[in-house]
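Remarks on the structure that follows.
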Amino acid sequence: MQVVGLEIPRNGKVVTAREIGVVGCQRCTKVWPLGTKRCTRCGATIVSRDHKALQRVWAWWIVGLLCYIPANLYPMLQTRTLVSVQQDTIVGGVVTLINHGSYGIALVIFLASVMIPVGKFLAIAFLALAAQRGTTSPSSQRMGLYEIVEYIGRWSMIDVFVVAILSSLVQLNALAAVNPGPAALFFGLSVIFTMLSAQSFDARLIWDAERS
C-alpha cells in the first residue's frame with residue numbers, strides 16, 4: 001500500500017500530507033513528521049517526493065517498448081509436424097485461432113497480448129507526462145488509471161503461460177511438437193519492464209500536478 005496524501009477537510013479545502021507536515025513511509029506506510037530521514041519501523045529511507053522517479057519510469061518504459069516491437073515481429077509459437085512447420089506471431093496466432101473457430105481463446109490472447117500491453121504503454125506515458133507538464137484531468141481519475149495499470153500487470157503474462165503450457169504438453173517426438181519462438185522472450189521482457197516502469201512511478205506526483 002502506498003501513502004499518496006493525507007486528505008483532511010479544513011474550511012472546505014482539501015490538504016495533502018505535505019501541507020500538514022507529515023510524510024508516509026513508502027514501504028510500511030507509517031506516517032512520520034516531515035523531515036524524518038529514516039523509518040524506525042522498517043528501516044526504509046523516507047522521502048516526501050522521489051524526484052528521480054520519472055527518470056526511471058521513462059527508462060523502463062523505453063526498454064519495454066523496444067522489447068515489445070520484436071515480440072510482435074518474431075514468431076511466438078512454432079508448431080512442427082511430420083509434414084510441415086508453422087510459425088505464428090502473436091497476431092498470426094489470433095488469426096489462426098479464429099479460423100479454427102476458437103473465438104473465445106482468440107479474444108483472450110488478443111486482449112492480453114495486444115490491447116493490454118498497448119494500453120499500459122499509453123497509460124504510463126500519459127501519467128508521466130501529466131506529472132511533468134501538468135494537466136486538466138482530475139487527479140482522482142488519474143489515480144484510478146494508475147491503480148488499473150498496477151492491477152492488470154499481473155495478467156500480462158497470459159500469452160507466455162499459454163506457450164509454456166503448450167510446449168510442455170505437445171511433445172510427441174517425431175509426430176508433433178510445439179516450441180516457443182523468440183518472441184516469447186521479448187514479450188516476457190517487455191511485460192517485466194513495463195511493470196517496473198509502473199512501479200517506479202511515484203503516485204504522489206499525481207496530486208502535485210493538480211496543484212501546480
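Quick note on naming: the chains in the C-alpha cells go A, B, ... in the order shown, residues restart at 1 in each chain, and ligands are numbered from 1 in order of appearance.
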Excluding same-chain residues fewer than 3 positions from range 183-192 of chain A, what lies within 8 Å of it counting only C-alpha atoms, as a list in words? Val63, Gly64, Leu65, Leu66, Cys67, Tyr68, Pro70, Ala71, Asn72, Leu73, Tyr74, Pro75, Met76, Leu77, Thr89, Pro117, Gly153, Ser156, Met157, Val160, Val163, Pro180, Met195 and Leu196 of chain A
Contact residues around Ile152 in chain A with only C-alpha atoms at 12 Å, ignoring same-chain residues under 3 positions, as an MDAnalysis selection string: chainID A and resid 111:112 115:117 119:120 123 145:149 155:158 191 194:195 198
So the first atom is CA of Met143 in chain A and the second is CA of Val108 in chain A; what is the distance between them in Å, to one decimal place?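 The value is 26.3 Å.
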Go through A:Ile109, A:Val114, A:Val85, A:Leu54 and flag the residue nearest Phe126 in chain A, using only C-alpha atoms for the distances. A:Leu54
List the spatial neighbours of Leu205 in chain A as JSON, numbers by chain - criterion: any atom at most 9 Å away, only C-alpha atoms, same-chain residues fewer than 6 positions off excluded. {"A": [4, 49, 50, 128, 131, 132]}
Selection: 12 Å around Thr40 in chain A, only C-alpha atoms, excl. self and same-chain fewer than 5 positions, as a PyMOL selection string: chain A and resi 25+27-32+45-46
Restricted to N, CA and C atoms, what would the selected residues look like written as a compact mmCIF listing (two decimals), in the first residue's frame?
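That gives us again_25.txt:
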```txt
# COMPACT_ATOMS: atom_id res chain seq x y z
N CYS A 25 5.83 6.55 4.95
CA CYS A 25 6.88 5.61 4.52
C CYS A 25 6.36 4.82 3.32
N ARG A 27 7.41 2.02 2.24
CA ARG A 27 7.48 0.56 2.44
C ARG A 27 6.40 0.06 3.38
N CYS A 28 6.26 0.66 4.55
CA CYS A 28 5.31 0.14 5.54
C CYS A 28 4.11 1.06 5.77
N THR A 29 4.10 2.24 5.14
CA THR A 29 3.01 3.22 5.14
C THR A 29 2.85 3.97 6.47
N LYS A 30 3.75 3.79 7.43
CA LYS A 30 3.64 4.53 8.69
C LYS A 30 3.92 6.02 8.42
N VAL A 31 3.15 6.88 9.07
CA VAL A 31 3.27 8.32 8.87
C VAL A 31 4.22 8.91 9.89
N TRP A 32 5.13 9.78 9.39
CA TRP A 32 6.13 10.43 10.24
C TRP A 32 6.10 11.95 10.01
N THR A 45 14.37 4.43 3.87
CA THR A 45 14.61 5.86 3.76
C THR A 45 13.31 6.56 3.39
N ILE A 46 13.01 7.65 4.06
CA ILE A 46 11.76 8.37 3.84
C ILE A 46 12.03 9.62 3.01
```
Point-to-point distance in Å for CA of Ile206 in chain A and CA of Val57 in chain A: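 One can read the CA of Val57 in chain A to CA of Ile206 in chain A distance as 13.9 Å.
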Quick one, how far is CA of Gln199 in chain A from CA of Glu19 in chain A? 24.8 Å
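If you count only C-alpha atoms and ignore residues fewer than 4 places along the chain from Ser197 in chain A, what sits within 8 Å of it is Arg56, Val57, Trp58, Ala59, Trp60, Trp61, Ile124, Phe193 and Phe201 of chain A.
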I need the residues in range 38-171 of chain A that are helix (DSSP H, G or I) according to DSSP; give them as a PyMOL selection string. chain A and resi 53-73+90-99+103-133+139-155+158-169
Run DSSP on the backbone of this structure and report the residues of range 2-144 of chain A it assigns to strand (DSSP E), as a PyMOL selection string. chain A and resi 8-10+13-15+22-24+31-33+77-81+85-88
